[in-house]
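S.K.: Take this structure, written in structure tokens, and hold onto it; I'll ask about it next.
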Amino acid sequence: MAAARLGEMLVKAKIISEDQLKQALEEQSKSGGRLGYNLAKLNILEETEIVSFLSKQYGVPSINLVEFEVDGGIIKLIPGKTAKKYQLIPISRTGGTLTLAMADPTNVFALDDIKFMTGYNVEPVVASETAIEEAIAKYYEGGGMGRSADISAGDYSLDDMETGGFAGEMEVGDMIDVDEFDDLVQTAADDVEVIDDTDDDPLSMTVDAPIVKLVNGILIRAYKMKVSDVHVEPYEKVMRIRYRLDGVCKTVMNLPLKIRNAVISRIKIMSSLDIAERRLPQDGRIKMKLGRRAEIDFRVSVLPTLFGEKIVLRLLDKANLQLDMTKLGFEQQALANFQEAIHKPFGMVLVTGPTGSGKTTTLYSALAELNTDDVNIMTAEDPVEFNLMGINQVQMHDEIGLNFAASLRSFLRQDPDIILVGEIRDYETAEIGIKAALTGHMVLSTLHTNDAPATINRLLNMGVEPFLVASAVIMVVAQRLARRVCESCKEVVEVPIKALIDVGFKEDEASGITVYKGAGCHTCGGTGYKGRIALYEVMVVNDHVKEIILQGGTTFEIKEAAIQGGMKSLRMSGLEKIKEGMTTIEEILRVTFGD
């Protein structure tokens, strides 16, 4: 959180005076540290008062870390280097949710990084800066949790990995020999054609080589299983292949290290990447044809890690792109509100959620509905995932200065009616987008926040004036993806009334709800789930919400006003999906917070 922003909020709340803020900022410029630390240092405010203020301002619980003992297994989930970088400490884990004590609970970059790193949903609580620094020193520097907790910072030996259980955790599943897997993909591999401009490359033409068949087989199997991502991960003793299916990673095979470099090189050749460059990240794309009709794309990301290059391939299957808005998962009233908003002549509609929550699909479905001959639609994307006929799509290239802000400026000279900005990451992009929305354009974009009401404060934290936000933003949509119950093995389960009430159902409706769960079968691979459904939180920025924004209201106040105006929170949307038999209680608890 910017010091100026915190200072302004404290002054506005009449907790400190303008002179006291000026004094603290001067001390901060001399000695460094965060504003809160310097306010406490000058005896203007106690750190506990600042924590209490931030807790109320953002509707986030507070915690006294001094009275809290953290389990070593929880500490190991986040490297010390990352904890120091973002000034946070993991304190507990419940199911699929990891709770973090943070000095700045609005730092969405930190929340996204931790979510991506650990695979858990992340729930922040506020703690004082001093307490977090002491906890980091205690758990990461004081040896309270063992050396393996800071494994990604490089402070360990190979002996640590062999004896600390880390390598053992990587060896999930059976080791599959190249020849054994080659037999599985023999028939499918003959139908594969890699679309490559460099047809004279001998390696890309040798389709009979076992490594080529192996890689083709991994990609074909991913396509047939309808996975979203393929992870190729080299470790000290094994090379692991994982698929992300319905939002959850699963190990499908471990390959011997002797073929590590060959597999990585093959994927890089297919992606038109530099096989000699192993020190820097690279991004590419693979386009494949299966038989005569099916065509699929893989977006490829290569990242150097400790034991070699890790590769993640994002499957982009246009045939599975759902552009029918009525089938995405909107409740009836939420869908009507969303359609009404995107059909307005001007304004800004924001879709928010973590990486992989389906924001792109929602925006593409909106564009598909708006895409007619009488409008000019332009998009700035990083990357362009799907090519849509009738829409002018621009790929970002930061290295040459073509970013979202630069594209937006150019778009305004291209006579657009509808503009899509892949993501609002900074003040400049937000300012130009809002001004475009105020000058007769419909602007669609995304942000990374936990829910719809928090998006307003995120824009304010970027530096956008409240009156501009209130005038331009007409709707914010937050979303998550929950796994569907497998229809092939779906069965009724008995759930205590109290458990339903604890999830969020009212006492009078809990008794009439039938809850389903997948028993596990061949269709769903024994998981009980097949496919995903979106949960939506659709916040209309009505006059009441605008008034609260102009008054500098908190996220909690905005949320209350939105719910009074008819908004259903993500948890409420999840409860509707449980009532309709689409998903399970466990899945809703995994992807949503309680209200």
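Chain labels A, B, ... are given in the sequence in which chains occur in the structure tokens; within each chain residues are numbered consecutively from 1, and ligands are likewise numbered from 1 in the order shown.
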DSSP on the backbone, then: every residue of segment 396-461 of chain A marked strand (DSSP E), written as a count of residues only.
M.R.: 10
S.K.: Determine, counting only C-alpha atoms, which protein, DNA and RNA residues have an atom within 9 Å of an atom of Glu233 of chain A; residues of the same chain fewer than 3 positions away are not included. Present the result as a PDB file with C-alpha atoms, in the first residue's frame.
M.R.:
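selection-v9.pdb was written with the following content:
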ATOM      1  CA  VAL A 238      12.970 -37.592 -11.861  1.00  0.00           C
ATOM      2  CA  MET A 239      11.126 -35.601 -14.509  1.00  0.00           C
ATOM      3  CA  ARG A 240       7.479 -35.199 -13.581  1.00  0.00           C
ATOM      4  CA  ILE A 241       4.577 -34.682 -16.014  1.00  0.00           C
ATOM      5  CA  ARG A 242       1.421 -33.212 -14.501  1.00  0.00           C
ATOM      6  CA  THR A 305      14.705 -23.862 -12.552  1.00  0.00           C
ATOM      7  CA  PHE A 307      17.393 -28.862 -12.131  1.00  0.00           C
ATOM      8  CA  GLY A 308      16.586 -27.739 -15.670  1.00  0.00           C
ATOM      9  CA  GLU A 309      13.904 -25.895 -17.577  1.00  0.00           C
ATOM     10  CA  LYS A 310      10.305 -26.239 -16.468  1.00  0.00           C
ATOM     11  CA  ILE A 311       7.735 -25.998 -19.259  1.00  0.00           C
ATOM     12  CA  VAL A 312       4.049 -25.207 -18.893  1.00  0.00           C
TER      13      VAL A 312
END
S.K.: Near segment 11-27 of chain A, counting only C-alpha atoms, which residues have an atom at most 9 Å away, once you skip same-chain residues fewer than 4 positions from it, shown as a ChimeraX atom specification?
M.R.: /A:3-4,6-7,31-32,35-36,38-39,41-42,44-45,552
S.K.: Keeping only N, CA, C and O atoms, write the selected residues to a file as a PDB file, in the first residue's frame.
M.R.:
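The resulting selection_29.pdb:
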ATOM      1  N   ALA A   3       2.430   4.714   0.805  1.00  0.00           N
ATOM      2  CA  ALA A   3       2.420   5.472   2.051  1.00  0.00           C
ATOM      3  C   ALA A   3       1.453   6.637   1.972  1.00  0.00           C
ATOM      4  O   ALA A   3       0.702   6.917   2.915  1.00  0.00           O
ATOM      5  N   ALA A   4       1.455   7.328   0.814  1.00  0.00           N
ATOM      6  CA  ALA A   4       0.577   8.489   0.649  1.00  0.00           C
ATOM      7  C   ALA A   4      -0.886   8.088   0.797  1.00  0.00           C
ATOM      8  O   ALA A   4      -1.685   8.799   1.396  1.00  0.00           O
ATOM      9  N   LEU A   6      -2.194   5.448   2.499  1.00  0.00           N
ATOM     10  CA  LEU A   6      -2.482   5.157   3.898  1.00  0.00           C
ATOM     11  C   LEU A   6      -2.575   6.454   4.686  1.00  0.00           C
ATOM     12  O   LEU A   6      -3.474   6.635   5.511  1.00  0.00           O
ATOM     13  N   GLY A   7      -1.631   7.361   4.447  1.00  0.00           N
ATOM     14  CA  GLY A   7      -1.640   8.641   5.153  1.00  0.00           C
ATOM     15  C   GLY A   7      -2.915   9.421   4.902  1.00  0.00           C
ATOM     16  O   GLY A   7      -3.516   9.972   5.828  1.00  0.00           O
ATOM     17  N   SER A  31      14.947   7.786   7.210  1.00  0.00           N
ATOM     18  CA  SER A  31      15.374   6.491   7.754  1.00  0.00           C
ATOM     19  C   SER A  31      14.803   5.282   7.032  1.00  0.00           C
ATOM     20  O   SER A  31      15.159   4.146   7.321  1.00  0.00           O
ATOM     21  N   GLY A  32      13.875   5.500   6.062  1.00  0.00           N
ATOM     22  CA  GLY A  32      13.287   4.373   5.345  1.00  0.00           C
ATOM     23  C   GLY A  32      12.187   3.705   6.156  1.00  0.00           C
ATOM     24  O   GLY A  32      11.732   4.232   7.174  1.00  0.00           O
ATOM     25  N   LEU A  35       5.336   3.606   6.324  1.00  0.00           N
ATOM     26  CA  LEU A  35       4.746   4.750   7.015  1.00  0.00           C
ATOM     27  C   LEU A  35       4.266   4.356   8.410  1.00  0.00           C
ATOM     28  O   LEU A  35       4.469   5.095   9.376  1.00  0.00           O
ATOM     29  N   GLY A  36       3.635   3.178   8.527  1.00  0.00           N
ATOM     30  CA  GLY A  36       3.124   2.732   9.819  1.00  0.00           C
ATOM     31  C   GLY A  36       4.225   2.617  10.853  1.00  0.00           C
ATOM     32  O   GLY A  36       4.056   3.012  12.018  1.00  0.00           O
ATOM     33  N   ASN A  38       7.020   4.296  10.942  1.00  0.00           N
ATOM     34  CA  ASN A  38       7.491   5.624  11.315  1.00  0.00           C
ATOM     35  C   ASN A  38       6.479   6.374  12.171  1.00  0.00           C
ATOM     36  O   ASN A  38       6.861   7.166  13.039  1.00  0.00           O
ATOM     37  N   LEU A  39       5.189   6.130  11.955  1.00  0.00           N
ATOM     38  CA  LEU A  39       4.173   6.727  12.829  1.00  0.00           C
ATOM     39  C   LEU A  39       4.320   6.203  14.255  1.00  0.00           C
ATOM     40  O   LEU A  39       4.200   6.961  15.222  1.00  0.00           O
ATOM     41  N   LYS A  41       7.138   4.919  15.495  1.00  0.00           N
ATOM     42  CA  LYS A  41       8.453   5.361  15.965  1.00  0.00           C
ATOM     43  C   LYS A  41       8.381   6.768  16.567  1.00  0.00           C
ATOM     44  O   LYS A  41       9.051   7.083  17.562  1.00  0.00           O
ATOM     45  N   LEU A  42       7.544   7.638  15.967  1.00  0.00           N
ATOM     46  CA  LEU A  42       7.402   9.020  16.440  1.00  0.00           C
ATOM     47  C   LEU A  42       6.329   9.163  17.520  1.00  0.00           C
ATOM     48  O   LEU A  42       5.982  10.284  17.912  1.00  0.00           O
ATOM     49  N   ILE A  44       3.239   8.807  17.310  1.00  0.00           N
ATOM     50  CA  ILE A  44       2.008   9.439  16.830  1.00  0.00           C
ATOM     51  C   ILE A  44       0.854   8.448  16.916  1.00  0.00           C
ATOM     52  O   ILE A  44      -0.263   8.786  17.308  1.00  0.00           O
ATOM     53  N   LEU A  45       1.145   7.207  16.565  1.00  0.00           N
ATOM     54  CA  LEU A  45       0.148   6.133  16.611  1.00  0.00           C
ATOM     55  C   LEU A  45       0.813   4.843  17.051  1.00  0.00           C
ATOM     56  O   LEU A  45       1.979   4.603  16.716  1.00  0.00           O
ATOM     57  N   GLY A 552     -15.709   7.922  -0.073  1.00  0.00           N
ATOM     58  CA  GLY A 552     -14.520   7.193   0.383  1.00  0.00           C
ATOM     59  C   GLY A 552     -14.850   6.010   1.258  1.00  0.00           C
ATOM     60  O   GLY A 552     -14.097   5.677   2.181  1.00  0.00           O
TER      61      GLY A 552
END
S.K.: Which of these residues is nearest to Gly528 of chain A, using only C-alpha atoms: A:Thr584, A:Ser357, A:Thr592, A:Thr352?
M.R.: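 The shortest atom-to-atom distance to Gly528 of chain A comes from A:Thr584.
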S.K.: My list of candidates is A:Phe330, A:Phe556, A:Phe386, A:Phe467. Which is closest to Glu537 of chain A when distances are computed with only C-alpha atoms?
M.R.: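 For Glu537 of chain A, the nearest of the candidates is A:Phe330.
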S.K.: Quick one: DSSP helix (DSSP H, G or I) residues in segment 422-520 of chain A, as JSON, numbers by chain?
M.R.: {"A": [427, 428, 429, 430, 431, 432, 433, 434, 435, 436, 437, 438, 452, 453, 454, 455, 456, 457, 458, 459, 460, 461, 462, 466, 467, 468, 469, 470, 471, 472, 497, 498, 499, 500, 501, 502, 503, 507, 508, 509, 510]}
S.K.: Can you pull out the residues contacting Leu370 of chain A? Cut-off 8 Å, using only C-alpha atoms, and skip same-chain residues under 3 positions away; I want them as an NGL selection string.
M.R.: :A and (342-343 or 366-367)
S.K.: Can you write just those residues out, N, CA, C and O atoms, as an mmCIF file, in the first residue's frame?
M.R.:
data_model
loop_
_atom_site.group_PDB
_atom_site.id
_atom_site.type_symbol
_atom_site.label_atom_id
_atom_site.label_comp_id
_atom_site.auth_asym_id
_atom_site.auth_seq_id
_atom_site.Cartn_x
_atom_site.Cartn_y
_atom_site.Cartn_z
ATOM 1 N N ILE A 342 -23.298 -4.585 -20.777
ATOM 2 C CA ILE A 342 -22.392 -4.600 -21.932
ATOM 3 C C ILE A 342 -23.044 -4.008 -23.181
ATOM 4 O O ILE A 342 -22.328 -3.629 -24.123
ATOM 5 N N HIS A 343 -24.378 -3.907 -23.188
ATOM 6 C CA HIS A 343 -25.056 -3.332 -24.346
ATOM 7 C C HIS A 343 -25.248 -1.821 -24.216
ATOM 8 O O HIS A 343 -25.809 -1.193 -25.120
ATOM 9 N N ALA A 366 -18.838 -12.132 -24.072
ATOM 10 C CA ALA A 366 -19.443 -10.802 -24.184
ATOM 11 C C ALA A 366 -19.155 -10.208 -25.559
ATOM 12 O O ALA A 366 -20.049 -9.649 -26.214
ATOM 13 N N LEU A 367 -17.896 -10.344 -26.023
ATOM 14 C CA LEU A 367 -17.535 -9.821 -27.341
ATOM 15 C C LEU A 367 -18.299 -10.541 -28.450
ATOM 16 O O LEU A 367 -18.710 -9.923 -29.439
#
S.K.: Please identify all polymer residues within 12 Å of Asp373 of chain A, counting only C-alpha atoms, omitting same-chain residues fewer than 3 positions from it, and present them as a list of chain:residue names.
M.R.: A:Ala368, A:Glu369, A:Leu370, A:Asn376, A:Ile377, A:Met389, A:Gly390, A:Ile391, A:Asp417
S.K.: Would you mind telling me which residue in A:Lys577, A:Ile259, A:Ala222, A:Ser511 lies nearest to Arg244 of chain A when using only C-alpha atoms?
M.R.: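 Of A:Lys577, A:Ile259, A:Ala222, A:Ser511, the one nearest Arg244 of chain A is A:Ala222, counting only C-alpha atoms.
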S.K.: Within 7 Å of Glu47 of chain A, counting only C-alpha atoms, which residues qualify if same-chain residues fewer than 4 places away don't, as a list in words?
M.R.: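 In the requested form, the answer reads Gly36, Ala40, Val51 and Ser128 of chain A.
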S.K.: Residues as selected, N, CA and C atoms, written as a PDB file, in the first residue's frame, can you do that?
M.R.:
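So the final result, stored in result.pdb, reads:
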ATOM      1  N   GLY A  36       3.635   3.178   8.527  1.00  0.00           N
ATOM      2  CA  GLY A  36       3.124   2.732   9.819  1.00  0.00           C
ATOM      3  C   GLY A  36       4.225   2.617  10.853  1.00  0.00           C
ATOM      4  N   ALA A  40       4.589   4.903  14.365  1.00  0.00           N
ATOM      5  CA  ALA A  40       4.790   4.315  15.692  1.00  0.00           C
ATOM      6  C   ALA A  40       6.096   4.793  16.317  1.00  0.00           C
ATOM      7  N   VAL A  51      -3.224  -1.267  12.597  1.00  0.00           N
ATOM      8  CA  VAL A  51      -3.749  -2.577  12.203  1.00  0.00           C
ATOM      9  C   VAL A  51      -5.264  -2.605  12.336  1.00  0.00           C
ATOM     10  N   SER A 128       0.728  -6.258  12.257  1.00  0.00           N
ATOM     11  CA  SER A 128       1.641  -5.110  12.251  1.00  0.00           C
ATOM     12  C   SER A 128       2.940  -5.466  11.535  1.00  0.00           C
TER      13      SER A 128
END
